[in-house]
$ cat data-v1.csv   # CSV, C-alpha atoms
chain,number,residue,atom,x,y,z
I,1,MET,CA,138.5,106.5,100.3
I,2,LYS,CA,136.5,107.7,103.3
I,3,THR,CA,134.0,109.3,100.9
I,4,ALA,CA,133.5,106.0,99.0
I,5,ALA,CA,133.0,104.2,102.4
I,6,ALA,CA,130.4,106.8,103.4
I,7,VAL,CA,128.5,106.4,100.1
I,8,ILE,CA,128.5,102.6,100.4
I,9,LEU,CA,127.4,102.8,104.0
I,10,GLY,CA,124.6,105.3,103.1
I,11,ALA,CA,123.5,103.0,100.2
I,12,MET,CA,123.4,100.0,102.6
I,13,THR,CA,121.3,102.0,105.1
I,14,LEU,CA,118.8,103.0,102.4
I,15,ALA,CA,118.6,99.4,101.3
I,16,CYS,CA,117.8,98.3,104.8
I,17,ALA,CA,114.8,100.8,105.1
I,18,THR,CA,112.2,98.2,104.3
I,19,LEU,CA,109.1,99.6,106.2
I,20,THR,CA,106.0,99.6,104.0
I,21,THR,CA,102.6,100.8,105.2
I,22,SER,CA,99.2,101.1,103.7
I,23,VAL,CA,95.8,102.2,104.9
I,24,ASP,CA,92.3,101.6,103.7
I,25,TYR,CA,89.0,102.8,105.1
I,26,ASP,CA,85.3,103.2,104.5
I,27,ARG,CA,85.1,106.5,102.6
I,28,SER,CA,81.4,106.9,103.4
I,29,ARG,CA,82.0,106.8,107.1
I,30,ASP,CA,82.0,110.0,109.3
I,31,PHE,CA,85.0,109.3,111.6
I,32,SER,CA,84.3,112.4,113.7
I,33,ARG,CA,81.5,110.5,115.5
I,34,TYR,CA,84.1,108.1,117.0
I,35,ARG,CA,85.3,109.2,120.4
I,36,THR,CA,86.4,106.1,122.3
I,37,PHE,CA,88.3,102.9,121.6
I,38,GLY,CA,89.0,99.6,123.3
I,39,PHE,CA,91.3,96.7,122.5
I,40,ARG,CA,89.9,93.3,121.6
I,41,THR,CA,91.7,90.1,120.9
I,42,GLY,CA,92.8,89.6,117.3
I,43,THR,CA,95.9,87.6,116.4
I,44,PRO,CA,98.3,88.7,119.1
I,45,SER,CA,102.1,88.5,119.1
I,46,ARG,CA,103.5,85.3,120.6
I,47,ASN,CA,105.4,87.5,123.0
I,48,ASP,CA,103.3,89.2,125.6
I,49,LEU,CA,105.8,92.0,126.1
I,50,THR,CA,105.6,92.8,122.4
I,51,GLN,CA,101.8,92.7,122.3
I,52,ARG,CA,101.7,95.1,125.3
I,53,ARG,CA,104.1,97.5,123.5
I,54,ILE,CA,102.0,97.3,120.3
I,55,GLU,CA,98.8,98.2,122.2
I,56,GLU,CA,100.6,101.0,124.1
I,57,VAL,CA,101.9,102.6,120.9
I,58,ILE,CA,98.6,102.3,119.1
I,59,GLY,CA,96.7,103.6,122.1
I,60,SER,CA,99.1,106.6,122.3
I,61,ALA,CA,98.5,107.3,118.5
I,62,LEU,CA,94.7,107.1,119.0
I,63,ARG,CA,94.8,109.4,122.0
I,64,ALA,CA,97.0,111.9,120.1
I,65,LYS,CA,94.2,111.9,117.4
I,66,GLY,CA,91.6,112.8,120.1
I,67,LEU,CA,90.1,109.5,121.0
I,68,THR,CA,90.0,108.2,124.6
I,69,PRO,CA,90.1,104.7,126.0
I,70,ALA,CA,86.7,103.5,126.9
I,71,ALA,CA,86.5,103.1,130.7
I,72,ASP,CA,83.6,100.8,131.6
I,73,GLU,CA,81.3,101.5,128.7
I,74,GLU,CA,81.3,99.9,125.2
I,75,PRO,CA,83.8,101.8,123.0
I,76,ASP,CA,82.8,103.4,119.7
I,77,LEU,CA,85.7,101.6,118.0
I,78,ASN,CA,87.0,98.1,118.8
I,79,VAL,CA,90.8,97.8,118.0
I,80,PHE,CA,92.0,94.4,116.8
I,81,THR,CA,95.7,93.8,116.1
I,82,HIS,CA,97.0,91.0,114.0
I,83,VAL,CA,100.7,90.1,114.2
I,84,ALA,CA,102.6,87.7,111.8
I,85,VAL,CA,106.2,86.9,111.5
I,86,GLU,CA,107.7,85.1,108.6
I,87,ARG,CA,111.2,84.4,107.4
I,88,GLN,CA,112.3,85.6,104.0
I,89,GLN,CA,115.5,84.6,102.2
I,90,ARG,CA,117.7,87.5,100.9
I,91,ILE,CA,121.0,87.5,99.1
I,92,GLU,CA,123.6,89.8,100.6
I,93,THR,CA,126.6,90.6,98.4
I,94,ILE,CA,129.7,92.4,99.6
I,95,VAL,CA,132.2,93.7,97.1
I,96,TRP,CA,135.8,94.7,98.0
I,97,GLY,CA,138.0,96.8,95.8
I,98,PHE,CA,137.3,98.8,92.7
I,99,GLY,CA,138.2,98.2,89.1
I,100,CYS,CA,136.9,98.5,85.6
I,101,GLN,CA,134.6,95.9,84.2
I,102,TRP,CA,135.6,92.7,86.1
I,103,GLY,CA,139.0,93.6,87.3
I,104,GLY,CA,140.3,94.6,90.7
I,105,GLY,CA,137.4,93.5,92.9
I,106,VAL,CA,136.4,90.5,95.0
I,107,SER,CA,132.8,89.7,96.0
I,108,MET,CA,131.1,87.3,98.4
I,109,SER,CA,127.4,86.5,98.5
I,110,ASN,CA,125.4,84.8,101.3
I,111,VAL,CA,121.8,83.7,101.5
I,112,VAL,CA,120.4,84.8,104.9
I,113,ASP,CA,117.0,84.3,106.5
I,114,VAL,CA,115.5,87.6,107.5
I,115,PRO,CA,112.6,87.8,109.9
I,116,VAL,CA,109.8,90.1,108.5
I,117,GLY,CA,107.0,91.2,110.7
I,118,THR,CA,103.5,92.3,109.6
I,119,LEU,CA,101.2,94.3,111.9
I,120,ILE,CA,97.6,94.9,110.9
I,121,VAL,CA,95.4,97.2,112.9
I,122,ASP,CA,91.6,96.9,112.4
I,123,LEU,CA,89.2,99.5,113.7
I,124,VAL,CA,85.7,98.1,113.9
I,125,ASP,CA,82.6,100.1,114.5
I,126,ALA,CA,81.4,98.5,117.8
I,127,GLN,CA,77.8,99.3,117.3
I,128,GLU,CA,77.5,98.0,113.8
I,129,ASN,CA,80.3,95.4,114.1
I,130,CYS,CA,81.9,96.3,110.8
I,131,LEU,CA,85.4,97.1,109.7
I,132,VAL,CA,85.8,100.9,109.1
I,133,TRP,CA,89.6,101.4,108.9
I,134,GLN,CA,92.6,99.1,108.4
I,135,GLY,CA,96.3,99.9,108.6
I,136,ARG,CA,99.0,97.6,107.6
I,137,ALA,CA,102.8,97.8,108.2
I,138,ALA,CA,105.6,95.3,107.3
I,139,ASP,CA,109.3,95.6,108.1
I,140,THR,CA,112.3,93.5,108.8
I,141,ILE,CA,112.6,92.8,112.5
I,142,SER,CA,115.7,93.9,114.2
I,143,ALA,CA,117.4,91.7,116.9
I,144,ASP,CA,117.9,94.9,119.0
I,145,ARG,CA,115.0,95.7,121.3
I,146,GLU,CA,115.4,99.5,121.1
I,147,THR,CA,115.5,99.3,117.3
I,148,ARG,CA,112.4,97.2,117.3
I,149,GLU,CA,110.6,99.7,119.5
I,150,ARG,CA,111.6,102.5,117.2
I,151,GLN,CA,110.4,100.5,114.2
I,152,LEU,CA,107.1,99.9,115.9
I,153,ARG,CA,106.6,103.6,116.7
I,154,GLU,CA,107.5,104.7,113.2
I,155,ALA,CA,105.2,102.1,111.6
I,156,VAL,CA,102.2,103.1,113.8
I,157,ALA,CA,102.9,106.8,113.2
I,158,ARG,CA,102.9,106.3,109.4
I,159,MET,CA,99.7,104.2,109.6
I,160,PHE,CA,97.9,106.9,111.6
I,161,GLU,CA,99.4,109.9,109.8
I,162,GLY,CA,96.1,110.7,108.0
I,163,PHE,CA,93.7,109.6,110.7
I,164,PRO,CA,90.9,110.3,111.1
I,165,PRO,CA,90.3,110.3,107.4
I,166,ARG,CA,88.3,113.2,105.9
I,167,PRO,CA,84.9,112.4,104.5
I,168,ALA,CA,84.9,111.9,100.7
I,169,PRO,CA,83.3,114.7,98.7
I,170,ALA,CA,79.8,114.1,97.5
I,171,GLY,CA,79.7,112.0,94.4
I,172,GLY,CA,83.3,110.9,94.8
I,173,LEU,CA,84.8,107.5,95.5
$ encode --input "data-v1.csv" --output "structure tokens"
Amino acid sequence: MKTAAAVILGAMTLACATLTTSVDYDRSRDFSRYRTFGFRTGTPSRNDLTQRRIEEVIGSALRAKGLTPAADEEPDLNVFTHVAVERQQRIETIVWGFGCQWGGGVSMSNVVDVPVGTLIVDLVDAQENCLVWQGRAADTISADRETRERQLREAVARMFEGFPPRPAPAGGL
């Protein structure tokens, strides 16, 4: 019975892993020429604490990739963040008991509103004022602050995993 409970709990944990990320960038761009970054106002979180955490985590990821925050000069890259939260309806079903076909079990379903957050990070060439890289992450938002911070760190880490992108080979897309 403990094994069945562990399997069910494991399946529920996997079902809750909803983080999706994607990245797009200008493949003709030489990202090695970018050395500094600075944050600009995009579509910030409604919560100032959350916005500061987002910028701290992104700044940390960019520093880990060799970029430095621009002090007083114009940065090479302007960083814009766009935050959106929406509510999605999901059906959660719980089944108790085991049985063949339709016998031996009881189930209950509920429709719940689940907050889903989307974070978009735009890196804009400051000199040319054009978008050169964009990362996007979406995930359900936990009510627990520590879990939200872990989700944010994981989302940004996955977005910046392949940053800076390598130049495309000549003649390729």
$ residues_around --input "data-v1.csv" --residues "stretch 147-164 of chain I" --least-positions-apart "2" --cutoff "10 Å" --atoms "only C-alpha atoms" --output "ChimeraX atom specification"
/I:19-25,30-32,34,50,53-54,56-62,64-67,119-121,133-145,166-167
$ write_last_selection --input "data-v1.csv" --atoms "C-alpha atoms" --output "tab-separated table (two decimals), in the coordinates of the input"
chain	number	residue	atom	x	y	z
I	19	LEU	CA	109.10	99.60	106.20
I	20	THR	CA	106.00	99.60	104.00
I	21	THR	CA	102.60	100.80	105.20
I	22	SER	CA	99.20	101.10	103.70
I	23	VAL	CA	95.80	102.20	104.90
I	24	ASP	CA	92.30	101.60	103.70
I	25	TYR	CA	89.00	102.80	105.10
I	30	ASP	CA	82.00	110.00	109.30
I	31	PHE	CA	85.00	109.30	111.60
I	32	SER	CA	84.30	112.40	113.70
I	34	TYR	CA	84.10	108.10	117.00
I	50	THR	CA	105.60	92.80	122.40
I	53	ARG	CA	104.10	97.50	123.50
I	54	ILE	CA	102.00	97.30	120.30
I	56	GLU	CA	100.60	101.00	124.10
I	57	VAL	CA	101.90	102.60	120.90
I	58	ILE	CA	98.60	102.30	119.10
I	59	GLY	CA	96.70	103.60	122.10
I	60	SER	CA	99.10	106.60	122.30
I	61	ALA	CA	98.50	107.30	118.50
I	62	LEU	CA	94.70	107.10	119.00
I	64	ALA	CA	97.00	111.90	120.10
I	65	LYS	CA	94.20	111.90	117.40
I	66	GLY	CA	91.60	112.80	120.10
I	67	LEU	CA	90.10	109.50	121.00
I	119	LEU	CA	101.20	94.30	111.90
I	120	ILE	CA	97.60	94.90	110.90
I	121	VAL	CA	95.40	97.20	112.90
I	133	TRP	CA	89.60	101.40	108.90
I	134	GLN	CA	92.60	99.10	108.40
I	135	GLY	CA	96.30	99.90	108.60
I	136	ARG	CA	99.00	97.60	107.60
I	137	ALA	CA	102.80	97.80	108.20
I	138	ALA	CA	105.60	95.30	107.30
I	139	ASP	CA	109.30	95.60	108.10
I	140	THR	CA	112.30	93.50	108.80
I	141	ILE	CA	112.60	92.80	112.50
I	142	SER	CA	115.70	93.90	114.20
I	143	ALA	CA	117.40	91.70	116.90
I	144	ASP	CA	117.90	94.90	119.00
I	145	ARG	CA	115.00	95.70	121.30
I	166	ARG	CA	88.30	113.20	105.90
I	167	PRO	CA	84.90	112.40	104.50
$ closest_residue --input "data-v1.csv" --among "I:Asp76, I:Glu146, I:Glu92, I:Glu86" --to "I:Ser109" --atoms "all atoms listed in the file"
I:Glu92
$ atom_distance --input "data-v1.csv" --atom1 "atom CA of I:Cys130" --atom2 "atom CA of I:Val83"
20.1 Å
$ closest_residue --input "data-v1.csv" --among "I:Arg46, I:Val95, I:Thr68, I:Pro75" --to "I:Met108" --atoms "all atoms listed in the file"
I:Val95
$ closest_residue --input "data-v1.csv" --among "I:Pro165, I:Pro44, I:Thr81, I:Arg87" --to "I:Val132" --atoms "all atoms listed in the file"
I:Pro165
$ closest_residue --input "data-v1.csv" --among "I:Ser28, I:Thr36, I:Thr41, I:Asn78" --to "I:Asp125" --atoms "all atoms listed in the file"
I:Asn78
$ atom_distance --input "data-v1.csv" --atom1 "atom CA of I:Phe39" --atom2 "atom CA of I:Thr18"
27.8 Å
$ atom_distance --input "data-v1.csv" --atom1 "atom CA of I:Ala84" --atom2 "atom CA of I:Val124"
20.0 Å
$ axis_aligned_box --input "data-v1.csv" --around "stretch 69-86 of chain I" --padding-each-side "4 Å" --output "JSON"
{"center_x": 94.5, "center_y": 94.9, "center_z": 120.1, "size_x": 34.4, "size_y": 27.6, "size_z": 31.0}
$ closest_residue --input "data-v1.csv" --among "I:Gln51, I:Gly38, I:Thr43, I:Asn110" --to "I:Ile91" --atoms "only C-alpha atoms"
I:Asn110
